[in-house]
There are 6 protein chains.
Amino acid sequence: MTIPNQRIVYLNGEYIPENEAKLPFRDRGVKYGDAVFDTTRTFGHKIFKLEEHVERLFRSLRYVGIDPGLSVNEVTEITEKVLELNLPLIAKDEDYWVSQRITRGIIDPNERTAWPSYTGPTVIIECLPLPLSTRSRLYRDGIDMIVSSVRRNSPDMLSPRAKTHNYLNLIMADEEVSAQDPNAFALMLDHNGNIAEGRGSNVFFVSDGCLYTPQERFVLPGISRQTVKELAKKISLPCIEKDYDLYDAYNSDEAFITSTSFCICPCRSINGRTFAEGGVPGPVTEKLMNLYVDLVGFDWVSQYTRYPVKDVPRM
Amino acid sequence: MTIPNQRIVYLNGEYIPENEAKLPFRDRGVKYGDAVFDTTRTFGHKIFKLEEHVERLFRSLRYVGIDPGLSVNEVTEITEKVLELNLPLIAKDEDYWVSQRITRGIIDPNERTAWPSYTGPTVIIECLPLPLSTRSRLYRDGIDMIVSSVRRNSPDMLSPRAKTHNYLNLIMADEEVSAQDPNAFALMLDHNGNIAEGRGSNVFFVSDGCLYTPQERFVLPGISRQTVKELAKKISLPCIEKDYDLYDAYNSDEAFITSTSFCICPCRSINGRTFAEGGVPGPVTEKLMNLYVDLVGFDWVSQYTRYPVKDVPRM
Amino acid sequence: MTIPNQRIVYLNGEYIPENEAKLPFRDRGVKYGDAVFDTTRTFGHKIFKLEEHVERLFRSLRYVGIDPGLSVNEVTEITEKVLELNLPLIAKDEDYWVSQRITRGIIDPNERTAWPSYTGPTVIIECLPLPLSTRSRLYRDGIDMIVSSVRRNSPDMLSPRAKTHNYLNLIMADEEVSAQDPNAFALMLDHNGNIAEGRGSNVFFVSDGCLYTPQERFVLPGISRQTVKELAKKISLPCIEKDYDLYDAYNSDEAFITSTSFCICPCRSINGRTFAEGGVPGPVTEKLMNLYVDLVGFDWVSQYTRYPVKDVPRM
Amino acid sequence: MTIPNQRIVYLNGEYIPENEAKLPFRDRGVKYGDAVFDTTRTFGHKIFKLEEHVERLFRSLRYVGIDPGLSVNEVTEITEKVLELNLPLIAKDEDYWVSQRITRGIIDPNERTAWPSYTGPTVIIECLPLPLSTRSRLYRDGIDMIVSSVRRNSPDMLSPRAKTHNYLNLIMADEEVSAQDPNAFALMLDHNGNIAEGRGSNVFFVSDGCLYTPQERFVLPGISRQTVKELAKKISLPCIEKDYDLYDAYNSDEAFITSTSFCICPCRSINGRTFAEGGVPGPVTEKLMNLYVDLVGFDWVSQYTRYPVKDVPRM
Amino acid sequence: MTIPNQRIVYLNGEYIPENEAKLPFRDRGVKYGDAVFDTTRTFGHKIFKLEEHVERLFRSLRYVGIDPGLSVNEVTEITEKVLELNLPLIAKDEDYWVSQRITRGIIDPNERTAWPSYTGPTVIIECLPLPLSTRSRLYRDGIDMIVSSVRRNSPDMLSPRAKTHNYLNLIMADEEVSAQDPNAFALMLDHNGNIAEGRGSNVFFVSDGCLYTPQERFVLPGISRQTVKELAKKISLPCIEKDYDLYDAYNSDEAFITSTSFCICPCRSINGRTFAEGGVPGPVTEKLMNLYVDLVGFDWVSQYTRYPVKDVPRM
Amino acid sequence: MTIPNQRIVYLNGEYIPENEAKLPFRDRGVKYGDAVFDTTRTFGHKIFKLEEHVERLFRSLRYVGIDPGLSVNEVTEITEKVLELNLPLIAKDEDYWVSQRITRGIIDPNERTAWPSYTGPTVIIECLPLPLSTRSRLYRDGIDMIVSSVRRNSPDMLSPRAKTHNYLNLIMADEEVSAQDPNAFALMLDHNGNIAEGRGSNVFFVSDGCLYTPQERFVLPGISRQTVKELAKKISLPCIEKDYDLYDAYNSDEAFITSTSFCICPCRSINGRTFAEGGVPGPVTEKLMNLYVDLVGFDWVSQYTRYPVKDVPRM
């Protein structure tokens, strides 16, 4: 079957149609999740903080000890090229996730016999349209967070700060929570019992006019998380990184998550406890959302909310 | 480039040449290591304890919540068929690893546009010749084990008993140890500080005529580990599963690892401390190796040791 | 308002109508939950294992250091008397919970001025009809268990083995779970991440023809739990007390809870994962239920299931 | 027996004599300690920081998920009324503790048959004269603190920040310490081994001209603790909230506890190690005590110390 | 000053008067406690289980990686010789502790300049008369145990099973407890909160006709502890090694400690809680004491108790 | 054998030749490592920060509860005198370590019979020439750090902040690492899995123009560490004390250790991961080294590096 108008993917030096972008099952990225990645998004077709994302990608690479065989500049340029090739494929009011994925490739010569030339790391750079229509409800009603019993990886086992292809710890939490409510978001505690993060998102709480977010040591150091901290600073809203637990959360006035694609999405409840009066977004969240829109020069809120509300598809 | 005489791989219902067995990079097995696997081996071209391996595979599947879409019997039959198709490709004195790998596939329709028919889990069943020649030295001299500072995943984060494609925790330990000595094996402690396991292998110690091995809760429940326990029972050698720490290890008389391919491989030292007089295999290890050879009716020791000694290739 | 036909309660030496059985708010039992209790039930109006329950009560008393001022025999006799006084008040096919509750009373003379004669511990012995009608559904469909993120008290803080009036740790778990599903039962993990217990109930799993239940150190040593162990012994069903985690639970064939009133109630699922084929009770559970019925000489299963199905009232 | 001149207690909408203020033993406050409370005191018959205490009460309520059915304002007004009614009962030079206690009441209709109208939460607001005479010695000699082996509840089990009726964890520590020395105060470590708090009191240490106190996450956020922080700020005395351990404590120059009734009470020793030269209060403690007296406009120190020294009654 | 009739000490190959047995302060045994030791005692001038003690000494040596430069046999023979030389110095009704101590010596040549010939490990073998007269009271009244807040070293830091010269962890516990009661014995919890051991002694509890003692992993594997296990086996008294916590201890009927010199000494209380009726020794303890006397063919109980009661000298 | 020109040691009130400075083996410093010490060094024969070192010594003394029987001033004066007596013995371009060591002496009269006058604590004050020649290579190439599997003592067992004679925990780590590479330095993690310290040294990392070092709670509060913090402040280089883990370390640009004798010594790698480009010292390290040289007015770098490179002798 031919797929018309396919997205173009960069794979190990070549720009190819997405459905040709496949990996030998013996690639360590497949066998072991022995890979790291990073993802940014476009706003109105313009890429956001690409440099920060590529730098974080390189920190993840250094942590797991993979040499990408490309410089920061090369990865940046290829990313921009991949985006450029794919922009014509989406509508003006749509946007892309843009991701780099780097696996350790096939190391063992014994495993490489069927792909003799498959040496070095595997580098994939790719785009995916944002799932705009499925998230409208979340911006309207707020996210319901449920804390999973599965604890986030402790840093002396595998640091949550490296964005790797080892997601089963996060997926186990998701499975647990979505079995209760397919629309809810799983929030995980760290090994000390403090709030850590959800799959692919950081969390912030608003309490007594302060912003709180878990310590970096236990979570992905999100670029959107960093952006929110900078916006807060701009309006002199104190933002404190600290161990934050359920006593704090149940007594918070507002909460929101941040992620590359969501930017800021308000939360309605945690473990069934509704924040404050329950209207979303709360005033501080709303102010930060507006500042975020201003910063990127693009109204991503409307981009999501113009869709009629649908259920979030279950993972 | 054409690869002649390629191995045949089962992929999602088809038997295809290995170099066609590739996965879309959007498969969750690639993106998240969201997959489980199991591996047995042949002895003299006969497969070993396939039933036990497939049952363990299904336990791993149930743990991560993947429905393979195939029954235990179907997986068993396909495995046998794959082996049958590949046996003609190796010499009489070589043998195979035979593995099943099942990923969650692509779940999100948004990610499936380039592969519209790629629904359901991804099932791979495949063979790989054992790396016989590279291991000769280990059987002759014994393995040097070094304990990594990285701790094995704790069971409330991701159970070490499920054999998944999330191997970075194990790989971080390997990286640490092989940086010191490329021929050494990394041994990990569990989150309580007891000895757990190495990548793909269980460990046993011999002390005062008893066999000791770490508790199942913190390690992969190896089929070879189980086999050794059964052999020990046969000769009334007590085998105790317990929390075993470095005080125990430094005072042990012998040690060996077990794995599907290694069966039993003697260890020479741990953290530079040589076991007993240092000759390998120790008497108890040797007895168990002989019993293992008898059990499977095949002299896998000679299969390894007939090769001239080479260095273990670094991971 | 007068309540006709009231139950009789023993309170500090007197047998009084239940609505007169009230405690000064300065009683440490009220202010601090500084109290212990125990509860047995009747089967066909006959009390079950009263001796074992009173002995456990005295172990709880010793743990928290309360001197009840009564001997084991005295507590037993008063309990029997209280039951005798109350049996006429229920129908033949109903049964009672029978409980002893002992608080430390008011210790500080400064707090006793309004109740100058209120010295010594407070002893309450009382009956409550079993909530038969509300549980019919659970026996028909099985209990859905959800694991809370709140961890069970660790024994070096407050031992879960003492049955005290400090239930907030258990209630926090219940709150979390019932916010998701008012009919579900909260199951808690101990501080090591193993399955511990739910509020007022122990849990058993059936796997490969064995019975498993968490270690006593982390749970209430239930009398019904003990009864099930004895029944299992009678039919040579191995019953193993061990650290049991979610990998085990997701791979179990059956599960059930035990409690004084429930005796044995089958479970349908844990975290949305249905046990085996999902029919309840599973064969082993059913066999144990029948044995339990035989042991007590009373069909408590029918006693519950003869009621039409209603929802479990939320806590 | 009639008690003349009784204190008046608010109980569920009524102002009644204290010895009528009793709770059905089926109230969850009695059965489970399923309740929260807060306590302030008067200085010269004037109530102190009532607003802060009521706000903390509402944070405790939110944490355990009890809806008091009253607003912050209503609770405040009733508290003031209760105090007003009781002030005539004490001498001019005495003062009151003033407490609000809110239980979840009886939720289960099955348990409410003897008290059919007992719906909603139970609200108690009450006064108790401060135990002035028994504490004179502590101000003169300083408190001897002994660290218990029982660890303070960890926040992922039950947050020490919520002031609940579940005090057994604190009582177990008290029991242990008072068995050694009935006049000593038990100090508890948190689950990480840092100093946390004692029953009903926070602890401060003075070292090299700085004030130190344990992190809020592990202790009750005392209003007097907060007051001391504000006083310290006023005189530019640095006050640092941090993990504080026995190495720190043994090297401190001074220590004191804070609580609603004690305000500031100097400590003489910890685990038998006398602070500095052992004179109490130390100079920094004394300065803070004086500032506290100034702040509240009442000499509570003399209020305590004018009494001849007696032993502290054992709990 | 000349000391007449001095004991003879073996020091690095020589038999010398005790007051010449001194170590360079640069010996690592002095600077770092980098040394291990073991101690047995005589009964009626006959040495007890010397072989077991020397074997344990060698396990300690292997754990810390010190090569003693002597064989098991040599250490045994020197020990016997040292004892023989010293026996004439004590009365017939007195007995000796006999100890081997081996330090790593001076390793760094830079530190050896003042003692150029001081190479190899330092080996000391020595005798000390048992402190018979000071312990009479303990046998008569029983030991009062107090649980310290200091936790016993966790095995992944320094195994409690190796008998080393690093005693500060134990001493910190002793300091804490003897500050409260100079006659009490400090009992420590392991890092999980279970009962571990005291300085130089193991602890046993009797409950419902069973003997319980903490797991070896967290304590010194005492030879007397082993002896008690063997005696219990002889009389079919079940002896269970398990995690034992304060709930267990407070509900025990009897308790006793074991050590080389004490053999078995009954305990009266733990944390002020008196065991059972409080008479010491309890019946099971007494039976084991008698068996121990029989086993060694010497009435060590009378040896202690014939002295008039004195206070235990504080450490 | 007579040693000419011996160093003079202060021992319990006397100034004696080093080879007479010996301790009875019954001194608790020998038997238990029951002792603390502190060490400073000279720069060009001038002692550095003696006051800070003596104050830290007294904090260690207070922690373990040893009363030295000497004041801070007395210890300072004796130290200066000892140095003065020994300076003539070394060359102009050499320097000294100057140490105070204080043990608890012999407490038990039973143990003091051979040394009847040996009462009170044992005080040793002594000099040792710095091992200049063996460290040249480390300054030239940088130190290779390897993280041990042994974890640093947790503060609730024995605080790493007290500088005691209990070094086995550190030595076990050293043993493990030097078995792999005799020239490498062992770096330990604290019980939470963060980087702590090595034997006798603190560690700093440079990342994005900031200096990072582990929290004091888990390490020795080094005087050189403090000096580096002061130097950093002087040049407005932010220096942050925080939990620092392997993700941080693998992403650092530079690292160095500090210790009394090393002052600052650059590190080349950690676990085989080379910092930045691998040149040592990195620019920030070099700047701090220069500032340190300026501060002490002595070029200790050249003092080390003028020696031809030799291997570090194994411990």
# chains A, B, ... in the order shown; residues from 1 in each chain; ligands from 1

$ interface_residues --of "chain D" --to "chain C" --cutoff "7 Å" --atoms "only C-alpha atoms" --output "PyMOL selection string"
chain D and resi 3+6+18-19+21-25+29-34+64+107-108+110+114-115+131+150-153+156-158+165-169+172+315

$ residues_around --residues "D:Ser71" --least-positions-apart "6" --cutoff "12 Å" --atoms "only C-alpha atoms" --output "MDAnalysis selection string"
chainID D and resid 54:55 57:58 61 77:78

$ write_last_selection --atoms "C-alpha atoms" --output "tab-separated table (two decimals), in the first residue's frame"
chain	number	residue	atom	x	y	z
D	54	VAL	CA	-8.38	28.11	62.32
D	55	GLU	CA	-6.69	28.25	58.94
D	57	LEU	CA	-7.43	23.50	61.17
D	58	PHE	CA	-8.96	23.84	57.72
D	61	LEU	CA	-9.54	19.04	57.39
D	77	GLU	CA	-16.97	33.13	65.96
D	78	ILE	CA	-18.00	30.06	67.88

$ select_by_dssp --residues "stretch 26-232 of chain D" --states "alpha helix (DSSP H)" --output "ChimeraX atom specification"
/D:28-32,50-64,72-86,136-141,168-180,223-232

$ atom_distance --atom1 "atom CA of D:Ala162" --atom2 "atom CA of D:Glu216"
11.1 Å

$ residues_around --residues "stretch 300-306 of chain F" --least-positions-apart "6" --cutoff "10 Å" --atoms "only C-alpha atoms" --output "ChimeraX atom specification"
/F:43-44,93-95,130-140,261-265,289-290,292-293

$ closest_residue --among "C:Arg104, C:Lys81, C:Lys46, C:Arg268" --to "C:Val123" --atoms "only C-alpha atoms"
C:Arg104

$ select_by_dssp --residues "stretch 140-200 of chain E" --states "strand (DSSP E)" --output "list of chain:residue names"
E:Ile143, E:Asp144, E:Met145, E:Ile146, E:Val147, E:Ser148, E:Ser149, E:Val150, E:Arg151, E:Phe185, E:Ala186, E:Leu187, E:Met188, E:Leu189

$ atom_distance --atom1 "atom CA of D:Ser99" --atom2 "atom CA of D:Asp38"
5.5 Å

$ atom_distance --atom1 "atom CA of D:Pro121" --atom2 "atom CA of C:Val98"
25.3 Å

$ residues_around --residues "A:Leu83" --least-positions-apart "4" --cutoff "9 Å" --atoms "only C-alpha atoms" --output "CSV table (one decimal) with C-alpha atoms, in the first residue's frame"
chain,number,residue,atom,x,y,z
A,8,ILE,CA,9.9,12.8,5.7
A,45,HIS,CA,5.1,26.4,12.2
A,47,ILE,CA,10.1,25.7,16.2
A,78,ILE,CA,19.1,18.3,10.5
A,79,THR,CA,16.1,19.0,12.8
A,87,LEU,CA,5.8,21.8,7.1
A,96,TYR,CA,4.3,19.6,14.8
A,98,VAL,CA,9.8,17.5,16.3
A,126,GLU,CA,11.1,13.2,12.8
A,127,CYS,CA,7.9,15.2,13.0

$ residues_around --residues "E:Phe205" --least-positions-apart "6" --cutoff "7 Å" --atoms "only C-alpha atoms" --output "list of chain:residue names"
E:Leu211, E:Tyr212, E:Thr213, E:Ser252, E:Glu254, E:Ala255, E:Phe256

$ residues_around --residues "F:Lys242" --least-positions-apart "2" --cutoff "10 Å" --atoms "only C-alpha atoms" --output "list in words"
Asn194, Ile195, Tyr212, Thr213, Pro214, Gln215, Glu216, Cys239, Ile240, Tyr244 and Asp245 of chain F

$ write_last_selection --atoms "C-alpha atoms" --output "mmCIF file, in the first residue's frame"
data_model
loop_
_atom_site.group_PDB
_atom_site.id
_atom_site.type_symbol
_atom_site.label_atom_id
_atom_site.label_comp_id
_atom_site.auth_asym_id
_atom_site.auth_seq_id
_atom_site.Cartn_x
_atom_site.Cartn_y
_atom_site.Cartn_z
ATOM 1 C CA ASN F 194 23.906 10.912 45.936
ATOM 2 C CA ILE F 195 27.609 11.513 45.647
ATOM 3 C CA TYR F 212 28.719 22.154 43.183
ATOM 4 C CA THR F 213 29.563 20.051 46.198
ATOM 5 C CA PRO F 214 27.559 17.498 48.227
ATOM 6 C CA GLN F 215 25.640 18.579 51.300
ATOM 7 C CA GLU F 216 27.507 18.764 54.563
ATOM 8 C CA CYS F 239 29.048 27.565 44.837
ATOM 9 C CA ILE F 240 26.033 25.415 45.604
ATOM 10 C CA TYR F 244 24.489 15.768 43.379
ATOM 11 C CA ASP F 245 24.092 12.505 41.523
#

$ residues_around --residues "C:Gly198" --least-positions-apart "2" --cutoff "7 Å" --atoms "only C-alpha atoms" --output "PyMOL selection string"
chain C and resi 186-188+200-202
